[in-house]
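Each remark here refers to the structure printed beneath this line.
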Amino acid sequence: MPDIFGMPVAVLLGQVLLGLINGSFYALLSLGLAIIFGMLNVINFAHGAFYMFGAFVTWMVMSWLGLSYWPALVVVPIVVGAFGAAIERLFLKRLYQVDHLYSLLFTFGLALVMEGLFRHVFGSAGKPYPVPQELTGVLKLGFMFLPVYRGWVIIAALLVCVATWLVIEKTRLGAYLRAATENPSLVQAFGINVPLMLTITYGFCVGLAGFAGVLAAPIYQVSPGMGSNLIIIVFAVVVIGGMGSIGGAILTGLSLGVIEGLTKTFYPSASSIVIFIVMVIVLMLRPAGLFGREA
Amino acid sequence: MTDSRERRLELKGLHSWYGESHVLHGTTLHVNRGEVVTILGRNGAGKTTTMRTIMGIVRKRKGEARLDGHDLIATPPHKVARLGLGYVPEERGIFSSLNVAENLTLPPVVKSGGMGLDEIYELFPNLEGRDKTVGTRLSGGEQQMLAMARILRTGADFILLDEPTEGLAPVIVDEIAKALVKLKALGLTIILVEQNLKFATASADRHYVMDQGQVVDEFTNERLVSDMARINAHLGV
């Protein structure tokens, strides 16, 4: 195969694909963050902790209840989402009337508490989780060997992201959500229960983070710090895509994963900061983000 | 004459607040079934606040507000619409992230007897065939029609119309005036906040004048037309 900039195309394609895997997690998490920010005006710092919680619940239901990966894929997002909905009802709801900073501080504190609790109970080292039987093995793609499970992560994440986007852009429920993002008190005056919608939205987005946690369990170590490592990057993704832009969050998540992957081939030492460099450039040129509407 | 008719809305000594600022100072008024009643007054008199207080958008309130005997003060804001109240706000409230069709069908149907799409297009022909247009790309007059149309579709039979003619060209004002006459003929009960006296007197039965958060005067339409000096004194024009 030919070379591009001195790199064999096979290596490049391999990195693009690996980048897409990280990008899938960025997309799933930044999608939830973008919806929560748009609807609730909350900067949800606990999102990484919910992702970690999802991975741990996956591990717990396997170790304690013998529940395998496939049922966990359905059960865990529901459990994590219900937990999120309860947090919204009990705490966040009381903070809508005051400055954004309070909900940011609250979710940041919640993340620290959750992470601390899991570290106390399970230790920092992390727990292994097996790749499900059906998804072991590798795919021969010609330019690389792709573990089947990683291919599945990309497909599952894409499906969930696209489905979420379709619900928001094309359905009646989505129209309520978009309208309530613009003018909640008028939507309420039309007879729609906006507070209930906020609870469901928050629960759903937290459930998405839980879903990402299930997908992550067989790839990464299930460890208390896994969320806080990721959440900073995901915030950068949301800022680059434009706060509150749903499609923007998905596209930006995937493409930044790819950019990160490519940086790993060309200049590995920059790969951990390349997303932040992109963020700085985007903020200088388009402060509202690539897909954000100028205020 | 009008008092022999059934009372629908009854406000007695209604107070309301935006945060610390006390806006309504004991507003008292009533509206009977099938009436069109206007609220006149200078800017800042509390006309829009009266509507927002009835709808429950302004939450901090005291006093008595009843619709068909239901206590509006005790009704949660998302249940007010189900009593048959439809609100067309002054800023029109067309959503920019929704197209015309989505804007039109957004408010849930609250009562049977609402208009079908055919009737709506007959009333406002400008809206037909615009389904995919972004709501806020419509002209100001069309946005006003859309804001009214989406409420008429829900079957709401008590409509709060806040300054529907504000900033519109005379041709469009005429069209909206005609629509209002038709709505009255259909038996809807309407409160209208309006600065345009010609428009206000074309379909109204009675008029209230507000000043500093209180109702300070009341006219029948005949009195208003024959005694313009008195209303002009109130409005300071």
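Chain labels A, B, ... are given in the sequence in which chains occur in the structure tokens; within each chain residues are numbered consecutively from 1, and ligands are likewise numbered from 1 in the order shown.
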
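Once B:Asn126 and its same-chain neighbours fewer than 6 positions away are set aside, B:Leu138, B:Gly141, B:Glu142, B:Met145, B:Leu146 remain within 10 Å of it when counting only C-alpha atoms.
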
How would the residues just chosen look if you wrote them out with C-alpha atoms as a PDB file, in the first residue's frame?
```
ATOM      1  CA  LEU B 138     -42.519  34.044   8.875  1.00  0.00           C
ATOM      2  CA  GLY B 141     -48.175  39.232  10.842  1.00  0.00           C
ATOM      3  CA  GLU B 142     -47.894  35.564   9.899  1.00  0.00           C
ATOM      4  CA  MET B 145     -51.607  34.328  12.904  1.00  0.00           C
ATOM      5  CA  LEU B 146     -49.619  31.210  13.772  1.00  0.00           C
TER       6      LEU B 146
END
```

Any chance you could tabulate, as JSON lines, the residues of chain A at most 8 Å from chain B with each one's nearest atom pair and distance in Å to one decimal, using only C-alpha atoms, in chain and rising number order?
```
{"residue": "A:Arg172", "atom": "CA", "partner": "B:Leu106", "partner_atom": "CA", "distance": 7.6}
{"residue": "A:Ala175", "atom": "CA", "partner": "B:Leu98", "partner_atom": "CA", "distance": 6.7}
{"residue": "A:Tyr176", "atom": "CA", "partner": "B:Leu106", "partner_atom": "CA", "distance": 6.9}
{"residue": "A:Arg178", "atom": "CA", "partner": "B:Ser97", "partner_atom": "CA", "distance": 6.3}
{"residue": "A:Ala179", "atom": "CA", "partner": "B:Phe95", "partner_atom": "CA", "distance": 6.1}
{"residue": "A:Glu182", "atom": "CA", "partner": "B:Phe95", "partner_atom": "CA", "distance": 6.9}
{"residue": "A:Asn183", "atom": "CA", "partner": "B:Gly93", "partner_atom": "CA", "distance": 7.8}
{"residue": "A:Ser185", "atom": "CA", "partner": "B:Ile57", "partner_atom": "CA", "distance": 6.2}
{"residue": "A:Leu186", "atom": "CA", "partner": "B:Gly93", "partner_atom": "CA", "distance": 7.4}
{"residue": "A:Val187", "atom": "CA", "partner": "B:Pro107", "partner_atom": "CA", "distance": 7.5}
{"residue": "A:Gln188", "atom": "CA", "partner": "B:His78", "partner_atom": "CA", "distance": 4.9}
{"residue": "A:Ala189", "atom": "CA", "partner": "B:His78", "partner_atom": "CA", "distance": 5.7}
{"residue": "A:Phe190", "atom": "CA", "partner": "B:Pro107", "partner_atom": "CA", "distance": 5.2}
{"residue": "A:Gly191", "atom": "CA", "partner": "B:His78", "partner_atom": "CA", "distance": 4.3}
{"residue": "A:Ile192", "atom": "CA", "partner": "B:His78", "partner_atom": "CA", "distance": 5.4}
{"residue": "A:Asn193", "atom": "CA", "partner": "B:His78", "partner_atom": "CA", "distance": 5.3}
{"residue": "A:Val194", "atom": "CA", "partner": "B:His78", "partner_atom": "CA", "distance": 7.5}
```

Filtered DSSP result for stretch 6-240 of chain A, state strand (DSSP E), as a PyMOL selection string: chain A and resi 7-8+138-140+145-147

Two-atom distance - atom CA of B:Gly41, atom CA of B:Arg66 (Å): 23.0 Å

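Between atom CA of B:Gly63 and atom CA of B:His15 the interatomic distance comes to 6.1 Å.
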
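Atom CA of B:Leu104 is positioned 17.7 Å from atom CA of B:Leu183.
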